[in-house]
$ cat structure-v5.csv   # CSV, C-alpha atoms
chain,number,residue,atom,x,y,z
A,20,MET,CA,-192.1,131.9,30.4
A,21,THR,CA,-195.8,131.9,31.1
A,22,HIS,CA,-196.9,134.7,33.5
A,23,SER,CA,-198.7,133.5,36.7
A,24,PRO,CA,-200.9,136.2,38.2
A,25,PHE,CA,-201.0,134.2,41.4
A,26,LYS,CA,-197.2,134.0,41.7
A,27,CYS,CA,-196.9,137.7,40.6
A,28,VAL,CA,-199.1,138.9,43.5
A,29,GLN,CA,-197.7,136.3,45.9
A,30,GLY,CA,-194.2,137.5,45.2
A,31,ALA,CA,-194.8,141.1,46.3
A,32,PRO,CA,-193.3,141.6,49.7
A,33,ILE,CA,-196.3,143.5,50.9
A,34,PHE,CA,-198.3,140.2,50.7
A,35,LYS,CA,-195.8,138.0,52.3
A,36,GLY,CA,-197.5,135.6,54.8
A,37,LEU,CA,-201.0,135.8,53.3
A,38,ASN,CA,-202.6,132.5,52.8
A,39,ASP,CA,-203.5,131.2,49.3
A,40,ALA,CA,-207.1,132.1,49.7
A,41,ALA,CA,-206.3,135.8,50.3
A,42,ILE,CA,-203.8,135.8,47.4
A,43,ALA,CA,-206.5,134.3,45.2
A,44,GLU,CA,-208.8,137.2,46.1
A,45,LEU,CA,-206.1,139.7,45.3
A,46,VAL,CA,-205.5,138.1,41.9
A,47,LYS,CA,-209.2,138.7,41.1
A,48,ILE,CA,-208.8,142.5,41.6
A,49,SER,CA,-205.4,142.8,39.9
A,50,VAL,CA,-204.4,143.8,36.4
A,51,HIS,CA,-201.5,141.9,34.8
A,52,GLN,CA,-198.7,142.5,32.2
A,53,GLN,CA,-199.7,145.9,30.9
A,54,ALA,CA,-197.1,146.5,28.2
A,55,VAL,CA,-195.1,149.8,28.6
A,56,LYS,CA,-192.7,151.0,26.0
A,57,LYS,CA,-189.2,152.4,26.9
A,58,GLY,CA,-189.4,156.1,27.6
A,59,THR,CA,-193.1,156.0,28.7
A,60,VAL,CA,-193.8,158.1,31.8
A,61,LEU,CA,-196.0,156.0,34.1
A,62,TYR,CA,-196.8,158.9,36.4
A,63,ASP,CA,-195.8,162.5,37.2
A,64,PRO,CA,-196.8,165.0,39.9
A,65,THR,CA,-200.0,165.8,38.0
A,66,THR,CA,-201.1,162.1,38.1
A,67,GLN,CA,-203.7,160.9,40.6
A,68,LEU,CA,-202.3,158.2,43.0
A,69,ASP,CA,-204.7,155.4,42.5
A,70,ARG,CA,-202.9,152.1,42.1
A,71,MET,CA,-200.0,150.1,43.5
A,72,MET,CA,-197.7,148.8,40.8
A,73,ILE,CA,-195.7,145.6,40.5
A,74,VAL,CA,-192.9,145.5,37.9
A,75,ASP,CA,-193.3,142.1,36.2
A,76,SER,CA,-190.3,142.7,33.8
A,77,GLY,CA,-188.1,145.6,32.7
A,78,ARG,CA,-186.9,148.6,34.7
A,79,VAL,CA,-188.5,151.8,35.9
A,80,LYS,CA,-186.7,154.8,37.3
A,81,VAL,CA,-188.4,157.1,39.9
A,82,TYR,CA,-187.0,160.6,39.9
A,83,GLN,CA,-187.6,164.3,40.6
A,84,LEU,CA,-186.9,167.4,38.7
A,85,ASN,CA,-185.4,170.5,40.3
A,86,GLU,CA,-186.3,174.1,39.4
A,87,ASN,CA,-183.8,174.0,36.5
A,88,GLY,CA,-185.2,170.8,35.1
A,89,LYS,CA,-182.3,168.6,36.2
A,90,GLU,CA,-183.2,165.0,36.9
A,91,LYS,CA,-182.5,163.4,40.3
A,92,VAL,CA,-183.0,159.7,40.4
A,93,LEU,CA,-184.4,158.5,43.7
A,94,TYR,CA,-184.5,154.7,43.1
A,95,MET,CA,-184.8,152.1,40.4
A,96,LEU,CA,-187.6,149.5,40.2
A,97,ARG,CA,-186.7,146.1,38.8
A,98,SER,CA,-188.6,142.8,38.2
A,99,GLY,CA,-190.6,142.0,41.3
A,100,ALA,CA,-190.4,145.5,42.8
A,101,ILE,CA,-193.5,147.3,44.0
A,102,ASP,CA,-194.2,151.0,43.9
A,103,SER,CA,-196.9,153.5,44.9
A,104,GLU,CA,-198.0,151.5,47.9
A,105,ALA,CA,-199.5,154.7,49.4
A,106,ALA,CA,-202.1,154.6,46.6
A,107,LEU,CA,-203.8,151.8,48.5
A,108,PHE,CA,-204.6,154.3,51.3
A,109,ALA,CA,-204.0,157.9,50.2
A,110,LYS,CA,-206.1,159.9,47.8
A,111,ARG,CA,-203.6,162.5,46.4
A,112,LYS,CA,-201.3,163.1,43.5
A,113,HIS,CA,-197.9,161.6,42.9
A,114,TYR,CA,-194.8,163.6,44.2
A,115,ASN,CA,-192.3,162.1,41.7
A,116,TYR,CA,-191.9,160.9,38.1
A,117,ALA,CA,-191.7,157.3,37.0
A,118,GLU,CA,-190.4,156.4,33.6
A,119,ALA,CA,-189.7,153.0,31.9
A,120,VAL,CA,-186.0,152.9,31.0
A,121,GLU,CA,-186.6,149.7,28.9
A,122,ASP,CA,-189.7,147.9,27.6
A,123,THR,CA,-191.5,146.9,30.7
A,124,LYS,CA,-194.6,145.0,31.9
A,125,ILE,CA,-196.6,146.3,34.8
A,126,CYS,CA,-199.1,144.7,37.1
A,127,SER,CA,-201.3,146.7,39.4
A,128,ILE,CA,-204.0,146.7,42.1
A,129,GLY,CA,-206.4,149.7,42.5
A,130,ARG,CA,-207.1,151.4,45.8
A,131,ALA,CA,-210.9,150.9,46.1
A,132,ASP,CA,-210.7,147.1,45.4
A,133,PHE,CA,-207.8,146.8,47.8
A,134,GLN,CA,-209.4,148.6,50.7
A,135,ALA,CA,-212.4,146.4,50.4
A,136,LEU,CA,-210.1,143.4,50.7
A,137,LEU,CA,-208.2,145.0,53.5
A,138,ARG,CA,-211.2,144.9,55.7
A,139,ARG,CA,-211.1,141.2,55.5
A,140,GLU,CA,-207.3,140.7,55.6
A,141,PRO,CA,-205.8,143.3,58.1
A,142,GLU,CA,-202.5,141.4,58.0
A,143,VAL,CA,-201.8,143.1,54.7
A,144,ALA,CA,-201.6,146.4,56.5
A,145,PHE,CA,-198.8,145.2,58.8
A,146,ASN,CA,-196.8,144.0,55.8
A,147,LEU,CA,-197.3,147.3,54.0
A,148,LEU,CA,-195.9,149.2,57.0
A,149,ASN,CA,-192.7,147.0,56.9
A,150,ILE,CA,-192.2,147.7,53.2
A,151,LEU,CA,-192.6,151.5,53.7
A,152,GLY,CA,-190.1,151.3,56.5
A,153,ASP,CA,-187.6,149.7,54.2
A,154,ARG,CA,-188.2,152.4,51.6
A,155,LEU,CA,-187.6,155.1,54.2
A,156,THR,CA,-184.4,153.5,55.2
A,157,GLU,CA,-183.3,153.3,51.6
A,158,LEU,CA,-184.1,157.0,51.0
A,159,GLU,CA,-182.2,158.0,54.2
A,160,SER,CA,-179.2,156.0,52.9
A,161,VAL,CA,-179.4,158.0,49.7
A,162,SER,CA,-179.5,161.2,51.6
A,163,ALA,CA,-176.4,160.3,53.5
A,164,LEU,CA,-174.6,159.3,50.3
A,165,THR,CA,-175.4,162.5,48.5
A,166,GLY,CA,-175.3,164.9,51.3
A,167,ASN,CA,-172.3,164.6,53.6
A,168,LEU,CA,-169.7,162.6,51.8
A,169,LYS,CA,-167.2,163.7,49.2
A,170,SER,CA,-167.8,162.3,45.7
A,171,LYS,CA,-165.2,159.6,45.9
A,172,ASN,CA,-166.6,158.4,49.3
A,173,ARG,CA,-170.1,158.5,48.0
A,174,VAL,CA,-169.2,156.2,45.1
A,175,LEU,CA,-167.3,153.8,47.5
A,176,ALA,CA,-170.1,153.8,50.1
A,177,TYR,CA,-172.7,153.0,47.4
A,178,LEU,CA,-170.6,150.1,46.0
A,179,GLN,CA,-170.0,148.8,49.6
A,180,GLN,CA,-173.7,149.0,50.2
A,181,ILE,CA,-174.5,147.0,47.1
A,182,GLY,CA,-171.9,144.4,48.2
A,183,GLN,CA,-173.5,144.1,51.6
A,184,GLU,CA,-176.9,143.7,50.1
A,185,LYS,CA,-175.7,141.0,47.7
A,186,GLN,CA,-173.4,139.5,50.4
A,187,THR,CA,-170.5,139.3,48.0
A,188,THR,CA,-167.4,141.4,47.0
A,189,GLU,CA,-168.0,140.8,43.3
A,190,PHE,CA,-171.1,142.0,41.4
A,191,ASP,CA,-172.2,143.8,38.2
A,192,LEU,CA,-173.4,147.4,38.5
A,193,PRO,CA,-177.2,147.2,38.8
A,194,VAL,CA,-177.7,150.5,36.8
A,195,LYS,CA,-176.0,152.3,34.0
A,196,LYS,CA,-173.2,154.7,35.0
A,197,LYS,CA,-175.2,157.7,33.9
A,198,GLU,CA,-178.1,156.7,36.1
A,199,LEU,CA,-175.7,156.0,39.0
A,200,ALA,CA,-174.1,159.4,38.7
A,201,SER,CA,-177.6,161.0,38.9
A,202,PHE,CA,-178.4,158.8,41.8
A,203,LEU,CA,-175.3,160.0,43.7
A,204,GLY,CA,-175.8,163.6,42.7
A,205,ILE,CA,-172.6,163.9,40.6
A,206,THR,CA,-171.8,164.2,36.9
A,207,PRO,CA,-170.9,161.2,34.8
A,208,GLU,CA,-167.4,162.6,34.3
A,209,THR,CA,-166.9,162.9,38.1
A,210,LEU,CA,-168.1,159.3,38.5
A,211,SER,CA,-165.6,158.0,36.0
A,212,ARG,CA,-162.8,160.0,37.6
A,213,GLN,CA,-163.7,158.7,41.1
A,214,LEU,CA,-164.0,155.1,40.0
A,215,SER,CA,-160.5,155.4,38.4
A,216,GLN,CA,-159.2,156.9,41.6
A,217,LEU,CA,-160.7,154.1,43.7
A,218,VAL,CA,-158.9,151.6,41.4
A,219,SER,CA,-155.6,153.5,41.8
A,220,ASP,CA,-156.1,153.5,45.6
A,221,GLY,CA,-156.4,149.7,45.5
A,222,LEU,CA,-160.0,149.7,46.9
A,223,LEU,CA,-161.7,148.1,43.9
A,224,ALA,CA,-161.2,146.5,40.5
A,225,ILE,CA,-163.3,147.2,37.5
A,226,ALA,CA,-163.9,145.1,34.3
A,227,GLY,CA,-166.7,146.7,32.3
A,228,LYS,CA,-169.7,146.7,34.6
A,229,HIS,CA,-168.2,144.1,36.9
A,230,ILE,CA,-167.0,145.4,40.3
A,231,THR,CA,-164.7,143.7,42.7
A,232,LEU,CA,-164.3,145.3,46.2
A,233,LEU,CA,-160.7,144.8,47.5
$ encode --input "structure-v5.csv" --output "structure tokens"
Amino acid sequence: MTHSPFKCVQGAPIFKGLNDAAIAELVKISVHQQAVKKGTVLYDPTTQLDRMMIVDSGRVKVYQLNENGKEKVLYMLRSGAIDSEAALFAKRKHYNYAEAVEDTKICSIGRADFQALLRREPEVAFNLLNILGDRLTELESVSALTGNLKSKNRVLAYLQQIGQEKQTTEFDLPVKKKELASFLGITPETLSRQLSQLVSDGLLAIAGKHITLL
């Protein structure tokens, strides 16, 4: 499928509501379909925060490392997702790591160009605030899942949350089980045991990656 820079920029939630003329201006300052190989680290805590990214295709995991070097996945970026929105305003380094978990294509907009446009289109600032609010809500949800609940309840709460987002009781796991275990702060073995226990409890059915909430 042919990539459309206009549709790529227009599809970013931060730009929702902007007129075609404003989108066309954003297209002029954007870079599109930068190819990134699986395993490539897009940024780390030593990297300057200087651009907002749009995932055109592929997947990117955003994570942190603790003092022992253990990885903690914060969230996954999929096609159409945006990241590093703060780059459009803040001049600092990244706090986290971002790594392509499969071959990925990235589009981006730099801070200086965006700020110049922002002076002409302040509506973009309001949309950005809404997106950041959604991200904070997501991270608060992760904190609740990994902090106060027992491992089985964390797994069930996560699956129920996915079901609510998709508005269905049947769906495929959006991430690999190893990534999900890291996301929930448990080991892959614990995840497998708890999934089996939830099946035994009659709370869900599993067929490969397909989940049915009962």
$ atom_distance --input "structure-v5.csv" --atom1 "CA of Met72 (chain A)" --atom2 "CA of Leu96 (chain A)"
10.1 Å
$ residues_around --input "structure-v5.csv" --residues "region 35-45 of chain A" --least-positions-apart "5" --cutoff "12 Å" --atoms "only C-alpha atoms" --output "PyMOL selection string"
chain A and resi 23-30+50-51+126-130+132-147+149-150
$ residues_around --input "structure-v5.csv" --residues "region 194-201 of chain A" --least-positions-apart "4" --cutoff "12 Å" --atoms "all atoms listed in the file" --output "VMD selection string"
chain A and resid 78 to 84 89 to 97 120 to 121 161 164 to 165 170 to 171 173 to 174 177 to 178 181 190 205 to 214 227 to 229
$ atom_distance --input "structure-v5.csv" --atom1 "CA of Asp102 (chain A)" --atom2 "CA of Glu184 (chain A)"
19.8 Å
$ atom_distance --input "structure-v5.csv" --atom1 "CA of Gly152 (chain A)" --atom2 "CA of Glu104 (chain A)"
11.7 Å
$ closest_residue --input "structure-v5.csv" --among "A:Thr231, A:Ala31, A:Ala117, A:Leu148" --to "Asp63 (chain A)" --atoms "only C-alpha atoms"
A:Ala117
$ closest_residue --input "structure-v5.csv" --among "A:Leu203, A:Val46, A:Ile101, A:Leu61" --to "Lys169 (chain A)" --atoms "only C-alpha atoms"
A:Leu203
$ closest_residue --input "structure-v5.csv" --among "A:Asp220, A:Asp191, A:Asp75, A:Asp69" --to "Lys112 (chain A)" --atoms "all atoms listed in the file"
A:Asp69
$ closest_residue --input "structure-v5.csv" --among "A:Ile33, A:Glu189, A:Ala119, A:Asn87" --to "Ala226 (chain A)" --atoms "all atoms listed in the file"
A:Glu189
